[in-house]
Amino acid sequence: MSVASIEMPSPISPHLDRVVDIPSSRFHLQAVGRHGNESNRPFEGNLPPQESMNAQRSIEDDRSNEPRPNIKPLALVPFPQKSITERAKAGAIVLNRYRIEYKNDWDFPASILYSQGQIQKALEKEIPINLVIPAFPFKSSNRSKKVLGPLPDEAERLSLLHLNGLCLAMKDATNSDTFLTIVSDGITYNDILGVSDQEVWRYGQELRRMAEQNGCHYIRFSRICDLVGAEHESDKLNEELYLQKVSEYRSLLEENTPRGFDVLDAISNDPDISRTYKGYKKFLMSERDNRTNRSRSQTERENGSIAKAMIVRGKAFTQTLKARYPDFVRLSIHPSNDTNKVSITMLPQENEIVMTPWHGAVVRGADGSVSMSHAILVPAMTHDIIYADGRPSYFRERSDVFNWPSMEVTFEYLYPCGIMIKPANPSSAYPLSMVDMQKIRTLAMTCSPIVLRGFSNTKDRRTFIAKAYDLGPVLPWKSGVIQEVKDESNNDPESNSVVSAEAMPMHYDGMFKIITVKDERTGKEKKVSDTPHFQYFVSQSAAQPGDGYTLFASSDLFARYLPQAYNINKLEKIKWTCHSHGFFDHVMEDIPLVVRHPTRNSPCIRWHQPWPKWRTSYGFADISIDNGSQSLIPLVDSLLFDRRVCLRFSWQEGDILVSDNFAMLHTRTSFSTDYPRELWRIHTA
């Protein structure tokens, strides 16, 4: 059973607790022992270590040599299971959050209610939940103004990661594998729009390669030939055979046009089709504006005819899709009133009007923000074209932080947050001493976490410490500059869970680094967290693949995806209390849920995930809201683990990572002691 089935006091959020994507879809809690395979561990977060010179207890340098009492770990308290109906509703809330017109978790349109019933049927049958979406036909035919080329680029990569995240979020919430089938509708429309069949094939092939390369294991692909009962299924096709058969596929598709379908009548009387028709005409104005020697009236007549032809072909495609996937949850890229399909966003973007990945280009701001634009509108004076695999891929705002003299490096944006920096030539392996840590610091304040991978001398203690001082003033631990985070195999329930292999709660570092200050309002003394600005890590040894993740939740993305009823201005008024037990045994009261970033003044979330007894063999933690509804607790938890907010980072030995501890929260998953995982961590101001 997955921890996604935990019962919480309020239905405001379905996610409650999260599980990490591993091959097994079911998790079992063991009443004894903390070590073993991830598949029998609950999801975890990262309780702050003994991070304070003021903390009540600390780990001394020689503690590992002290004799250990033979104490059995605390038995984990069983947690209640969720019913199938509750799991189906949780899945429906996830789907609702990905909608184009999402407002609040509890605002279910008819399409979500219909989908909830489909999800419940799958759960009752104990089969995977299946989603289907017609999408990714081909790149826009207007190559001179709208897109960067005929093949998938950063826009498609980001979209695939976003959609794979939807599947994983559904799995988290329902404890059931969830798959999305993408049906390319390219040959439905390409001949009408003047795109060759060869371009459709090559676009689809590159999209499949991209999905595999980026680990999108919950996405499947289908072509129209798979829908119409053609002789050859798509996985048996090559380009030559595909091009021979395309006309046959279209003919089979057109046979599914509803008998007596009148496109003019449908445009006049069906609000959904009328909306689609107007959308097509608007789309064609930009799609075909590279055609010359046509008057405006002639262009409008042609566009109207093309739009009608697209509706007729689209109607046949819709009927074919329904017949092929009758029990799949139907998704759509278009806003729609149809009660049988859910209109979703294809990728995260800050556009007022959402754009699909094949109709524009990704534009990255220097702060990591994502927008979509027609390529011709991106100013060359302020933005660079970034290449991938030798092809133009996206635009990036020009900034000195991307200029690394004497080193050729690549910057890859992680999803949903973070940047990985690597030597462009893997054989270069530039030493860590060459890295400008002030540029890393600047990047980390807007794009955390920043990962250096493929650099040399990263595990060297002297080099690692020296670069920490380049990053900022070092804030030492009780035991020294570095805290070594590794499993010490200590079964004492009063010991520090940080140095165990156990899962830990989402938090910010400094939660238990306590100082006493005078309350400006009451004049009384109170305890507050003394929060370091940056975390600086090196991986001395990594867990096995699929194990020992560190999760980073972005405050910026948290604020972006809040429901309308709980905007960030409302949350800034909220205070909460943490009562921790075990190693960190004290009460923190009047903690603000939102603080302002010391440099950017952006809202930053302050939180410690509730950590009940059944989750840990060590100290547990109770959380309460001081001045608001307790239903905020599961809402905050669910958004911090939302796949659009939270990066699941898998370490490799030698990785360097810097994270802004104000802008981000973090946690870790449990790991097997068969593969010792050791991180060194330094805090800086």
# chains A, B, ... in the order shown; residues from 1 in each chain; ligands from 1

call {"tool": "residues_around", "arguments": {"residues": "segment 317-325 of chain A", "least_positions_apart": "6", "cutoff": "8 Å", "atoms": "only C-alpha atoms", "output": "ChimeraX atom specification"}}
result
/A:132,185,188,227-228,253-254,256-258

call {"tool": "residues_around", "arguments": {"residues": "segment 356-359 of chain A", "least_positions_apart": "6", "cutoff": "10 Å", "atoms": "only C-alpha atoms", "output": "number ranges by chain"}}
result
A: 135-143, 146-160, 283, 286-287, 333-334, 345-347, 349, 372-375

call {"tool": "atom_distance", "arguments": {"atom1": "atom CA of Leu452 of chain A", "atom2": "atom CA of Asp367 of chain A"}}
result
18.2 Å

call {"tool": "closest_residue", "arguments": {"among": "A:Thr599, A:Met588, A:Asp622, A:Tyr536", "to": "Ile515 of chain A", "atoms": "only C-alpha atoms"}}
result
A:Met588

call {"tool": "atom_distance", "arguments": {"atom1": "atom CA of Asp674 of chain A", "atom2": "atom CA of Asn490 of chain A"}}
result
15.6 Å

call {"tool": "residues_around", "arguments": {"residues": "Met664 of chain A", "least_positions_apart": "2", "cutoff": "8 Å", "atoms": "only C-alpha atoms", "output": "VMD selection string"}}
result
chain A and resid 448 508 552 to 555 604 to 605 659 to 662 666

call {"tool": "residues_around", "arguments": {"residues": "Asn627 of chain A", "least_positions_apart": "2", "cutoff": "10 Å", "atoms": "only C-alpha atoms", "output": "PyMOL selection string"}}
result
chain A and resi 573-576+590+624-625+629-630

call {"tool": "atom_distance", "arguments": {"atom1": "atom CA of Asp177 of chain A", "atom2": "atom CA of Pro128 of chain A"}}
result
5.0 Å

call {"tool": "residues_around", "arguments": {"residues": "segment 528-530 of chain A", "least_positions_apart": "2", "cutoff": "9 Å", "atoms": "only C-alpha atoms", "output": "list in words"}}
result
Ser52, Gly510, Met511, Phe512, Lys513, Ile514, Ile515, Thr516, Val517, Lys526, Pro532, Met588, Glu589, Asp590 and Ile591 of chain A

call {"tool": "write_last_selection", "arguments": {"atoms": "C-alpha atoms", "output": "compact mmCIF listing (two decimals), in the first residue's frame"}}
result
# COMPACT_ATOMS: atom_id res chain seq x y z
CA SER A 52 22.85 24.60 15.71
CA GLY A 510 17.71 25.96 10.35
CA MET A 511 14.30 24.85 11.61
CA PHE A 512 15.99 23.67 14.80
CA LYS A 513 18.89 26.13 14.83
CA ILE A 514 17.35 28.24 17.56
CA ILE A 515 18.14 31.75 18.75
CA THR A 516 16.25 33.87 21.28
CA VAL A 517 14.96 37.30 20.22
CA LYS A 526 10.80 34.04 21.97
CA PRO A 532 21.32 29.81 6.76
CA MET A 588 8.40 26.32 18.11
CA GLU A 589 5.40 28.66 18.08
CA ASP A 590 4.23 31.60 16.00
CA ILE A 591 6.24 30.56 12.93

call {"tool": "residues_around", "arguments": {"residues": "Lys236 of chain A", "least_positions_apart": "3", "cutoff": "12 Å", "atoms": "only C-alpha atoms", "output": "short mmCIF file (atom, residue, chain, number, x, y, z; two decimals) with all heavy atoms, in the first residue's frame"}}
result
data_model
loop_
_atom_site.label_atom_id
_atom_site.label_comp_id
_atom_site.auth_asym_id
_atom_site.auth_seq_id
_atom_site.Cartn_x
_atom_site.Cartn_y
_atom_site.Cartn_z
N SER A 222 1.02 6.46 -29.87
CA SER A 222 0.21 5.74 -30.84
C SER A 222 0.06 6.61 -32.08
O SER A 222 0.04 7.84 -31.99
CB SER A 222 -1.17 5.42 -30.24
OG SER A 222 -1.96 4.71 -31.16
N ARG A 223 -0.03 5.94 -33.23
CA ARG A 223 -0.29 6.66 -34.48
C ARG A 223 -1.68 6.29 -34.98
O ARG A 223 -2.31 5.33 -34.50
CB ARG A 223 0.76 6.31 -35.54
CG ARG A 223 2.14 6.90 -35.28
CD ARG A 223 3.04 6.72 -36.52
NE ARG A 223 4.29 7.45 -36.38
CZ ARG A 223 5.42 6.93 -35.92
NH1 ARG A 223 5.45 5.65 -35.57
NH2 ARG A 223 6.51 7.65 -35.83
N CYS A 225 -2.53 4.83 -37.56
CA CYS A 225 -2.61 3.47 -38.08
C CYS A 225 -2.98 2.47 -36.98
O CYS A 225 -3.58 1.42 -37.25
CB CYS A 225 -1.30 3.07 -38.75
SG CYS A 225 0.16 3.19 -37.70
N ASP A 226 -2.66 2.80 -35.71
CA ASP A 226 -3.04 1.93 -34.59
C ASP A 226 -4.53 2.05 -34.28
O ASP A 226 -5.11 1.15 -33.66
CB ASP A 226 -2.24 2.29 -33.34
CG ASP A 226 -0.74 2.15 -33.54
OD1 ASP A 226 -0.33 1.13 -34.12
OD2 ASP A 226 0.01 3.04 -33.12
N ALA A 230 -5.22 -0.72 -39.30
CA ALA A 230 -4.39 -0.89 -40.50
C ALA A 230 -3.57 -2.17 -40.40
O ALA A 230 -3.40 -2.75 -39.32
CB ALA A 230 -3.47 0.32 -40.67
N GLU A 231 -3.04 -2.57 -41.54
CA GLU A 231 -2.30 -3.83 -41.62
C GLU A 231 -1.05 -3.80 -40.74
O GLU A 231 -0.71 -4.79 -40.10
CB GLU A 231 -1.91 -4.10 -43.07
CG GLU A 231 -1.09 -5.37 -43.27
CD GLU A 231 -0.64 -5.53 -44.72
OE1 GLU A 231 -1.02 -4.70 -45.55
OE2 GLU A 231 0.10 -6.50 -44.98
N HIS A 232 -0.36 -2.67 -40.73
CA HIS A 232 0.89 -2.57 -39.98
C HIS A 232 0.71 -1.63 -38.79
O HIS A 232 0.32 -0.48 -38.96
CB HIS A 232 2.01 -2.03 -40.89
CG HIS A 232 2.34 -2.92 -42.02
ND1 HIS A 232 1.72 -2.79 -43.25
CD2 HIS A 232 3.19 -3.97 -42.13
CE1 HIS A 232 2.20 -3.72 -44.08
NE2 HIS A 232 3.09 -4.45 -43.41
N GLU A 233 1.03 -2.09 -37.57
CA GLU A 233 0.99 -1.24 -36.40
C GLU A 233 2.24 -0.36 -36.38
O GLU A 233 3.25 -0.67 -37.01
CB GLU A 233 0.92 -2.09 -35.14
CG GLU A 233 -0.38 -2.89 -35.03
CD GLU A 233 -0.42 -3.76 -33.79
OE1 GLU A 233 0.62 -3.84 -33.11
OE2 GLU A 233 -1.49 -4.33 -33.51
N GLU A 239 10.24 4.41 -41.96
CA GLU A 239 9.83 5.61 -42.71
C GLU A 239 9.32 5.27 -44.10
O GLU A 239 8.29 5.80 -44.55
CB GLU A 239 11.01 6.59 -42.80
CG GLU A 239 10.65 7.88 -43.53
CD GLU A 239 11.78 8.90 -43.51
OE1 GLU A 239 12.52 8.95 -42.51
OE2 GLU A 239 11.90 9.64 -44.50
N GLU A 240 9.99 4.38 -44.79
CA GLU A 240 9.61 4.05 -46.16
C GLU A 240 8.21 3.44 -46.21
O GLU A 240 7.37 3.85 -47.03
CB GLU A 240 10.63 3.07 -46.76
CG GLU A 240 10.33 2.70 -48.21
CD GLU A 240 11.35 1.71 -48.77
OE1 GLU A 240 12.24 1.27 -48.00
OE2 GLU A 240 11.26 1.37 -49.96
N LEU A 241 7.93 2.47 -45.33
CA LEU A 241 6.62 1.83 -45.33
C LEU A 241 5.53 2.82 -44.89
O LEU A 241 4.42 2.83 -45.45
CB LEU A 241 6.64 0.63 -44.39
CG LEU A 241 5.35 -0.22 -44.32
CD1 LEU A 241 4.96 -0.75 -45.70
CD2 LEU A 241 5.52 -1.37 -43.33
N TYR A 242 5.86 3.66 -43.93
CA TYR A 242 4.91 4.66 -43.46
C TYR A 242 4.48 5.58 -44.61
O TYR A 242 3.28 5.84 -44.80
CB TYR A 242 5.54 5.47 -42.34
CG TYR A 242 4.71 6.62 -41.82
CD1 TYR A 242 3.70 6.42 -40.89
CD2 TYR A 242 4.96 7.93 -42.25
CE1 TYR A 242 2.95 7.48 -40.40
CE2 TYR A 242 4.22 8.99 -41.77
CZ TYR A 242 3.22 8.76 -40.85
OH TYR A 242 2.48 9.82 -40.37
#

call {"tool": "select_by_dssp", "arguments": {"residues": "segment 95-312 of chain A", "states": "helix (DSSP H, G or I)", "output": "VMD selection string"}}
result
chain A and resid 95 to 97 110 to 125 154 to 174 186 to 193 197 to 213 224 to 227 234 to 236 239 to 254 263 to 269 271 to 287 296 to 312

call {"tool": "closest_residue", "arguments": {"among": "A:Ala429, A:Val312, A:Val658, A:Ile344", "to": "Arg97 of chain A", "atoms": "only C-alpha atoms"}}
result
A:Ile344

call {"tool": "select_by_dssp", "arguments": {"residues": "segment 325-438 of chain A", "states": "strand (DSSP E or B)", "output": "NGL selection string"}}
result
:A and (329-332 or 341-344 or 361-364 or 370-373 or 383-388 or 391-397 or 409-413 or 419-423 or 431)

call {"tool": "write_last_selection", "arguments": {"atoms": "C-alpha atoms", "output": "compact mmCIF listing (two decimals), in the first residue's frame"}}
result
# COMPACT_ATOMS: atom_id res chain seq x y z
CA VAL A 329 -9.74 9.40 -19.56
CA ARG A 330 -9.84 11.78 -22.51
CA LEU A 331 -7.61 14.86 -22.30
CA SER A 332 -7.58 17.82 -24.68
CA LYS A 341 -12.83 15.42 -21.86
CA VAL A 342 -10.51 17.46 -19.65
CA SER A 343 -8.66 20.47 -21.10
CA ILE A 344 -5.13 20.57 -19.67
CA ALA A 361 9.48 28.46 -28.93
CA VAL A 362 10.43 28.32 -25.27
CA VAL A 363 11.87 31.53 -23.82
CA ARG A 364 13.81 31.22 -20.55
CA VAL A 370 9.33 29.90 -18.78
CA SER A 371 7.21 31.50 -21.45
CA MET A 372 6.25 30.59 -25.01
CA SER A 373 6.53 32.95 -27.94
CA HIS A 383 18.27 36.75 -25.91
CA ASP A 384 20.51 33.98 -27.25
CA ILE A 385 19.43 30.91 -29.18
CA ILE A 386 20.56 27.82 -27.26
CA TYR A 387 21.40 24.70 -29.26
CA ALA A 388 20.89 21.04 -28.34
CA ARG A 391 19.91 22.22 -33.51
CA PRO A 392 18.36 25.45 -32.18
CA SER A 393 16.27 24.49 -29.15
CA TYR A 394 15.13 27.55 -27.16
CA PHE A 395 15.83 31.20 -26.30
CA ARG A 396 17.60 32.24 -23.11
CA GLU A 397 17.82 35.75 -21.73
CA VAL A 409 29.89 24.12 -20.24
CA THR A 410 26.23 23.35 -20.88
CA PHE A 411 23.26 24.48 -18.81
CA GLU A 412 20.34 22.04 -18.70
CA TYR A 413 17.14 23.10 -16.99
CA ILE A 419 19.88 23.76 -13.51
CA MET A 420 22.51 21.11 -14.17
CA ILE A 421 25.88 22.41 -15.38
CA LYS A 422 28.26 20.02 -17.14
CA PRO A 423 31.45 20.29 -19.19
CA PRO A 431 38.45 21.08 -11.55

call {"tool": "closest_residue", "arguments": {"among": "A:Ser111, A:Lys171, A:Lys245, A:Thr181", "to": "Pro134 of chain A", "atoms": "only C-alpha atoms"}}
result
A:Thr181

call {"tool": "residues_around", "arguments": {"residues": "Ala307 of chain A", "least_positions_apart": "4", "cutoff": "12 Å", "atoms": "only C-alpha atoms", "output": "compact mmCIF listing (two decimals) with C-alpha atoms, in the first residue's frame"}}
result
# COMPACT_ATOMS: atom_id res chain seq x y z
CA TYR A 189 -4.28 17.72 -40.72
CA ILE A 192 -4.54 20.40 -45.34
CA LEU A 193 -1.84 22.67 -43.88
CA VAL A 263 -20.08 21.13 -40.71
CA LEU A 264 -22.01 24.38 -41.31
CA ILE A 267 -20.62 25.51 -36.44
CA ILE A 273 -17.49 23.26 -32.51
CA SER A 274 -18.21 26.96 -33.01
CA ARG A 275 -15.47 27.75 -30.49
CA THR A 276 -13.09 25.38 -32.27
CA TYR A 277 -13.89 26.94 -35.66
CA LYS A 278 -13.11 30.45 -34.42
CA GLY A 279 -9.92 29.16 -32.79
CA TYR A 280 -8.81 27.49 -36.02
CA LYS A 281 -9.40 30.67 -38.03
CA LYS A 282 -7.40 32.71 -35.54
CA PHE A 283 -4.63 30.12 -35.55
CA LEU A 284 -4.51 30.08 -39.37
CA MET A 285 -3.96 33.86 -39.53
CA GLU A 287 0.11 29.90 -39.36
CA THR A 299 -6.90 34.80 -47.14
CA GLU A 300 -9.96 34.87 -44.86
CA ARG A 301 -11.98 32.77 -47.34
CA GLU A 302 -9.16 30.24 -47.64
CA ASN A 303 -8.73 30.09 -43.88
CA ILE A 311 -13.30 20.23 -38.27
CA VAL A 312 -14.60 17.47 -40.56
CA ARG A 313 -11.32 15.56 -40.36
CA GLY A 314 -11.17 16.20 -36.63

call {"tool": "closest_atom_pairs", "arguments": {"of": "segment 146-231 of chain A", "to": "segment 637-657 of chain A", "cutoff": "12 Å", "atoms": "only C-alpha atoms", "output": "JSON lines"}}
result
{"residue": "A:Leu158", "atom": "CA", "partner": "A:Arg644", "partner_atom": "CA", "distance": 11.3}
{"residue": "A:Ser159", "atom": "CA", "partner": "A:Arg644", "partner_atom": "CA", "distance": 11.5}
{"residue": "A:Leu161", "atom": "CA", "partner": "A:Arg644", "partner_atom": "CA", "distance": 9.7}
{"residue": "A:His162", "atom": "CA", "partner": "A:Arg644", "partner_atom": "CA", "distance": 7.3}
{"residue": "A:Leu163", "atom": "CA", "partner": "A:Arg643", "partner_atom": "CA", "distance": 9.9}
{"residue": "A:Asn164", "atom": "CA", "partner": "A:Arg643", "partner_atom": "CA", "distance": 9.3}
{"residue": "A:Gly165", "atom": "CA", "partner": "A:Arg643", "partner_atom": "CA", "distance": 5.6}
{"residue": "A:Leu166", "atom": "CA", "partner": "A:Arg643", "partner_atom": "CA", "distance": 7.2}
{"residue": "A:Cys167", "atom": "CA", "partner": "A:Arg643", "partner_atom": "CA", "distance": 9.5}
{"residue": "A:Leu168", "atom": "CA", "partner": "A:Arg643", "partner_atom": "CA", "distance": 7.6}
{"residue": "A:Ala169", "atom": "CA", "partner": "A:Arg643", "partner_atom": "CA", "distance": 6.2}
{"residue": "A:Met170", "atom": "CA", "partner": "A:Arg643", "partner_atom": "CA", "distance": 9.9}
{"residue": "A:Lys171", "atom": "CA", "partner": "A:Arg643", "partner_atom": "CA", "distance": 11.1}
{"residue": "A:Asp172", "atom": "CA", "partner": "A:Asp642", "partner_atom": "CA", "distance": 9.6}
{"residue": "A:Ala173", "atom": "CA", "partner": "A:Ser638", "partner_atom": "CA", "distance": 9.8}

call {"tool": "decode", "arguments": {"residues": "segment 627-661 of chain A", "atoms": "N, CA and C atoms", "output": "PDB file, in the first residue's frame"}}
result
ATOM      1  N   ASN A 627      -3.605  30.341  13.547  1.00  0.00           N
ATOM      2  CA  ASN A 627      -4.621  31.366  13.313  1.00  0.00           C
ATOM      3  C   ASN A 627      -5.411  31.127  12.029  1.00  0.00           C
ATOM      4  N   GLY A 628      -5.659  29.869  11.719  1.00  0.00           N
ATOM      5  CA  GLY A 628      -6.420  29.557  10.523  1.00  0.00           C
ATOM      6  C   GLY A 628      -6.916  28.130  10.571  1.00  0.00           C
ATOM      7  N   SER A 629      -7.486  27.690   9.474  1.00  0.00           N
ATOM      8  CA  SER A 629      -8.040  26.346   9.398  1.00  0.00           C
ATOM      9  C   SER A 629      -6.931  25.299   9.376  1.00  0.00           C
ATOM     10  N   GLN A 630      -7.141  24.209  10.106  1.00  0.00           N
ATOM     11  CA  GLN A 630      -6.174  23.102  10.096  1.00  0.00           C
ATOM     12  C   GLN A 630      -6.138  22.410   8.726  1.00  0.00           C
ATOM     13  N   SER A 631      -7.142  22.686   7.889  1.00  0.00           N
ATOM     14  CA  SER A 631      -7.138  22.103   6.542  1.00  0.00           C
ATOM     15  C   SER A 631      -6.005  22.657   5.694  1.00  0.00           C
ATOM     16  N   LEU A 632      -5.361  23.728   6.140  1.00  0.00           N
ATOM     17  CA  LEU A 632      -4.193  24.246   5.419  1.00  0.00           C
ATOM     18  C   LEU A 632      -3.025  23.269   5.466  1.00  0.00           C
ATOM     19  N   ILE A 633      -2.978  22.437   6.501  1.00  0.00           N
ATOM     20  CA  ILE A 633      -1.835  21.518   6.644  1.00  0.00           C
ATOM     21  C   ILE A 633      -1.734  20.573   5.451  1.00  0.00           C
ATOM     22  N   PRO A 634      -2.788  19.805   5.126  1.00  0.00           N
ATOM     23  CA  PRO A 634      -2.652  18.936   3.948  1.00  0.00           C
ATOM     24  C   PRO A 634      -2.527  19.702   2.636  1.00  0.00           C
ATOM     25  N   LEU A 635      -3.080  20.927   2.561  1.00  0.00           N
ATOM     26  CA  LEU A 635      -2.911  21.715   1.340  1.00  0.00           C
ATOM     27  C   LEU A 635      -1.445  22.072   1.131  1.00  0.00           C
ATOM     28  N   VAL A 636      -0.795  22.581   2.179  1.00  0.00           N
ATOM     29  CA  VAL A 636       0.622  22.946   2.075  1.00  0.00           C
ATOM     30  C   VAL A 636       1.456  21.718   1.730  1.00  0.00           C
ATOM     31  N   ASP A 637       1.200  20.612   2.429  1.00  0.00           N
ATOM     32  CA  ASP A 637       1.944  19.380   2.150  1.00  0.00           C
ATOM     33  C   ASP A 637       1.807  18.961   0.694  1.00  0.00           C
ATOM     34  N   SER A 638       0.576  18.949   0.211  1.00  0.00           N
ATOM     35  CA  SER A 638       0.342  18.436  -1.136  1.00  0.00           C
ATOM     36  C   SER A 638       1.017  19.298  -2.185  1.00  0.00           C
ATOM     37  N   LEU A 639       1.007  20.627  -1.993  1.00  0.00           N
ATOM     38  CA  LEU A 639       1.623  21.501  -2.982  1.00  0.00           C
ATOM     39  C   LEU A 639       3.151  21.413  -2.937  1.00  0.00           C
ATOM     40  N   LEU A 640       3.706  21.223  -1.758  1.00  0.00           N
ATOM     41  CA  LEU A 640       5.166  21.106  -1.672  1.00  0.00           C
ATOM     42  C   LEU A 640       5.668  19.849  -2.385  1.00  0.00           C
ATOM     43  N   PHE A 641       4.832  18.795  -2.428  1.00  0.00           N
ATOM     44  CA  PHE A 641       5.225  17.574  -3.119  1.00  0.00           C
ATOM     45  C   PHE A 641       4.631  17.487  -4.525  1.00  0.00           C
ATOM     46  N   ASP A 642       3.922  18.522  -4.954  1.00  0.00           N
ATOM     47  CA  ASP A 642       3.324  18.556  -6.286  1.00  0.00           C
ATOM     48  C   ASP A 642       4.432  18.393  -7.329  1.00  0.00           C
ATOM     49  N   ARG A 643       4.179  17.561  -8.323  1.00  0.00           N
ATOM     50  CA  ARG A 643       5.204  17.291  -9.338  1.00  0.00           C
ATOM     51  C   ARG A 643       5.564  18.527 -10.155  1.00  0.00           C
ATOM     52  N   ARG A 644       4.736  19.561 -10.133  1.00  0.00           N
ATOM     53  CA  ARG A 644       5.033  20.815 -10.824  1.00  0.00           C
ATOM     54  C   ARG A 644       5.851  21.767  -9.956  1.00  0.00           C
ATOM     55  N   VAL A 645       6.053  21.401  -8.704  1.00  0.00           N
ATOM     56  CA  VAL A 645       6.722  22.253  -7.719  1.00  0.00           C
ATOM     57  C   VAL A 645       8.012  21.631  -7.211  1.00  0.00           C
ATOM     58  N   CYS A 646       8.044  20.308  -7.119  1.00  0.00           N
ATOM     59  CA  CYS A 646       9.086  19.588  -6.383  1.00  0.00           C
ATOM     60  C   CYS A 646       9.959  18.749  -7.311  1.00  0.00           C
ATOM     61  N   LEU A 647      11.248  19.014  -7.292  1.00  0.00           N
ATOM     62  CA  LEU A 647      12.239  18.252  -8.059  1.00  0.00           C
ATOM     63  C   LEU A 647      12.643  17.011  -7.286  1.00  0.00           C
ATOM     64  N   ARG A 648      12.613  15.847  -7.935  1.00  0.00           N
ATOM     65  CA  ARG A 648      13.154  14.604  -7.372  1.00  0.00           C
ATOM     66  C   ARG A 648      14.556  14.433  -7.932  1.00  0.00           C
ATOM     67  N   PHE A 649      15.582  14.711  -7.111  1.00  0.00           N
ATOM     68  CA  PHE A 649      16.953  14.708  -7.614  1.00  0.00           C
ATOM     69  C   PHE A 649      17.674  13.422  -7.228  1.00  0.00           C
ATOM     70  N   SER A 650      18.254  12.773  -8.231  1.00  0.00           N
ATOM     71  CA  SER A 650      19.008  11.537  -8.036  1.00  0.00           C
ATOM     72  C   SER A 650      20.500  11.851  -8.104  1.00  0.00           C
ATOM     73  N   TRP A 651      21.202  11.549  -7.017  1.00  0.00           N
ATOM     74  CA  TRP A 651      22.620  11.897  -6.912  1.00  0.00           C
ATOM     75  C   TRP A 651      23.510  10.955  -7.715  1.00  0.00           C
ATOM     76  N   GLN A 652      24.605  11.502  -8.190  1.00  0.00           N
ATOM     77  CA  GLN A 652      25.725  10.698  -8.677  1.00  0.00           C
ATOM     78  C   GLN A 652      26.957  11.079  -7.872  1.00  0.00           C
ATOM     79  N   GLU A 653      27.842  10.131  -7.679  1.00  0.00           N
ATOM     80  CA  GLU A 653      29.051  10.388  -6.908  1.00  0.00           C
ATOM     81  C   GLU A 653      29.824  11.552  -7.517  1.00  0.00           C
ATOM     82  N   GLY A 654      30.219  12.496  -6.682  1.00  0.00           N
ATOM     83  CA  GLY A 654      30.983  13.651  -7.139  1.00  0.00           C
ATOM     84  C   GLY A 654      30.142  14.872  -7.451  1.00  0.00           C
ATOM     85  N   ASP A 655      28.824  14.739  -7.435  1.00  0.00           N
ATOM     86  CA  ASP A 655      27.960  15.894  -7.697  1.00  0.00           C
ATOM     87  C   ASP A 655      28.173  16.980  -6.642  1.00  0.00           C
ATOM     88  N   ILE A 656      28.205  18.226  -7.106  1.00  0.00           N
ATOM     89  CA  ILE A 656      28.141  19.395  -6.236  1.00  0.00           C
ATOM     90  C   ILE A 656      26.759  20.012  -6.405  1.00  0.00           C
ATOM     91  N   LEU A 657      26.141  20.424  -5.311  1.00  0.00           N
ATOM     92  CA  LEU A 657      24.812  21.034  -5.398  1.00  0.00           C
ATOM     93  C   LEU A 657      24.734  22.219  -4.448  1.00  0.00           C
ATOM     94  N   VAL A 658      24.186  23.325  -4.971  1.00  0.00           N
ATOM     95  CA  VAL A 658      23.966  24.522  -4.162  1.00  0.00           C
ATOM     96  C   VAL A 658      22.493  24.878  -4.246  1.00  0.00           C
ATOM     97  N   SER A 659      21.873  25.107  -3.073  1.00  0.00           N
ATOM     98  CA  SER A 659      20.455  25.448  -3.026  1.00  0.00           C
ATOM     99  C   SER A 659      20.236  26.641  -2.107  1.00  0.00           C
ATOM    100  N   ASP A 660      19.373  27.551  -2.552  1.00  0.00           N
ATOM    101  CA  ASP A 660      18.978  28.703  -1.747  1.00  0.00           C
ATOM    102  C   ASP A 660      17.985  28.220  -0.694  1.00  0.00           C
ATOM    103  N   ASN A 661      18.401  28.219   0.562  1.00  0.00           N
ATOM    104  CA  ASN A 661      17.599  27.659   1.644  1.00  0.00           C
ATOM    105  C   ASN A 661      16.407  28.542   2.025  1.00  0.00           C
TER     106      ASN A 661
END
